[in-house]
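Peer 1: Before I ask anything, here is the structure I am working with.
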Amino acid sequence: MKRRVVFDLVGILLLLTSAFSFSCLAQEKEPPTQEPEAKAPENLYWVFLTTGKSLEGIERTEIEAMQAEHLSNFRRLAEEGKLLTAGPMSDPENVRQSIVVLKAGRLEELAEMFREDPYVKQGYMKVDSCKMQFELGKIHTRVAPKGMEELRIVVLEKNPESETGLDAETKKQTTDFLKVQYDLKKLDLSIRLFDVKHNCRQILVFPKQDSDDDILKIVNEIPAVKSGFWKQKTMPIFMGKGSIDREDD
C-alpha cells in the first residue's frame, strides 16, 4: 500500500506563527523612513504540492527528519517575506497534498524556493505552480495565525468533455454570481490561476459548513459549472486562523 505523506498540522502552525510573528516584530522596530518610491506589485504564485513517488519502505525516522526540514523551509520562506500562506489538504484521490502561496519575481524562482525541501528534492512531492490573482478576498501577510482553521477548497478546471470555450456572457454571470456569494459571506476567496498547461483554473475557498451539501449547492449553481465548462473538486483544507482577511474578524 502506498504510504501517504501526512503533514504535521501543529508543526506547520507553530512554524508559520513564529515566522510571521518574527516578521511583524521586525517591521514594528524599523525606524520611520520617508515614503518609498512606488514599485510594481510583486507576482503571486499558487502552488499545489502533489504526490510523487511512494514513501513505502522508507524508515519512519527518515520521514520525520524530512518533515522537519520541509517545515523549516516554510519558516525560511515566511521570514524572507516570500510565503503568504500554506496549508495541508485532504484530497480523497491522494493527489494534492497541500497548497502554498508565494511571492516571486518570476516563475523560475520557485525552483530555488523548494531547493531545500527534501520531499521535493527527492521526488516524493511535485510542484504544480502557476501565476495567480485574487479576484475576491485576500490573505493577510503580516498577521500571525491564531490556531488552525478547517475550510473547504473547490478546484474548478476546464471540463475535458466541453467542446466550447467560456463565452463572455457566461463569464460575466459567473463573476457576478461569485461576487454575490462573497458579499453574503458564503465565500471567502476567489482566485484566478493563469497557466497554459491546465487552461483556465479557478480556486474557491469557503468557510466550513455543517454539511458540504450547502457548499455543493452553491458550486453547482455557478453559471460556468452549470454550462458544463467547469468541473469541480471539493475537499477540506487547513489554514492558519486569521490568515484570510474577513471584515468581521
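Scheme for the C-alpha cells: letters A, B, ... for chains in order shown; per-chain residue numbers from 1; ligand numbers from 1 in order shown.
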Skipping near chain neighbours, those fewer than 5 positions away, what residues fall within 10 Å of Val219 of chain A using only C-alpha atoms, listed as a VMD selection string?

Peer 2: chain A and resid 154 156 178 204 213 to 214 224 to 226 231 to 234

Peer 1: Which residues come within 8 Å of Gly87 of chain A, counting only C-alpha atoms, excluding same-chain residues fewer than 3 positions away, as a count of residues only?

Peer 2: 8

Peer 1: Mind checking which residues fall within 7 Å of Lys103 of chain A, counting only C-alpha atoms, ignoring those fewer than 6 positions away in the same chain, and posting them as a list in words?

Peer 2: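 What passes the distance filter is Glu42, Asn43, Leu44, Tyr45, Lys82 and Leu83 of chain A.
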
Peer 1: How would the residues just picked look written out with N, CA and C atoms as an mmCIF file, in the first residue's frame?

Peer 2:
data_model
loop_
_atom_site.group_PDB
_atom_site.id
_atom_site.type_symbol
_atom_site.label_atom_id
_atom_site.label_comp_id
_atom_site.auth_asym_id
_atom_site.auth_seq_id
_atom_site.Cartn_x
_atom_site.Cartn_y
_atom_site.Cartn_z
ATOM 1 N N GLU A 42 4.353 42.778 -6.657
ATOM 2 C CA GLU A 42 5.084 41.519 -6.782
ATOM 3 C C GLU A 42 4.165 40.440 -7.352
ATOM 4 N N ASN A 43 4.756 39.545 -8.097
ATOM 5 C CA ASN A 43 3.991 38.445 -8.660
ATOM 6 C C ASN A 43 3.653 37.428 -7.578
ATOM 7 N N LEU A 44 2.428 36.926 -7.608
ATOM 8 C CA LEU A 44 1.994 35.898 -6.686
ATOM 9 C C LEU A 44 1.830 34.587 -7.446
ATOM 10 N N TYR A 45 2.208 33.502 -6.785
ATOM 11 C CA TYR A 45 2.120 32.187 -7.407
ATOM 12 C C TYR A 45 1.399 31.211 -6.484
ATOM 13 N N LYS A 82 8.508 35.761 1.550
ATOM 14 C CA LYS A 82 8.111 35.160 0.278
ATOM 15 C C LYS A 82 6.872 34.272 0.405
ATOM 16 N N LEU A 83 6.566 33.835 1.611
ATOM 17 C CA LEU A 83 5.439 32.929 1.838
ATOM 18 C C LEU A 83 4.250 33.689 2.405
#

Peer 1: Pick the closest to Leu187 of chain A from A:Glu93, A:Glu149, A:Glu135, A:Glu163: which is it, counting only C-alpha atoms?

Peer 2: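 With only C-alpha atoms as the atom set, the closest residue is A:Glu135.
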
Peer 1: Taking the DSSP secondary structure from the backbone, can you list the residues of segment 162-196 of chain A that are alpha helix (DSSP H), as a list in words?

Peer 2: Ala168, Glu169, Thr170, Lys171, Lys172, Gln173, Thr174, Thr175, Asp176, Phe177, Leu178, Lys179, Val180, Gln181, Tyr182 and Asp183 of chain A

Peer 1: Between atom CA of Met132 of chain A and atom CA of Lys217 of chain A, what is the distance in Å, rounded to a tenth?

Peer 2: 25.8 Å

Peer 1: Please determine, counting only C-alpha atoms, which residue among A:Met113, A:Val95, A:Leu49, A:Met66 has the shortest atom-to-atom distance to Ala78 of chain A.

Peer 2: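 Ranked by minimum distance to Ala78 of chain A, first place goes to A:Met113.
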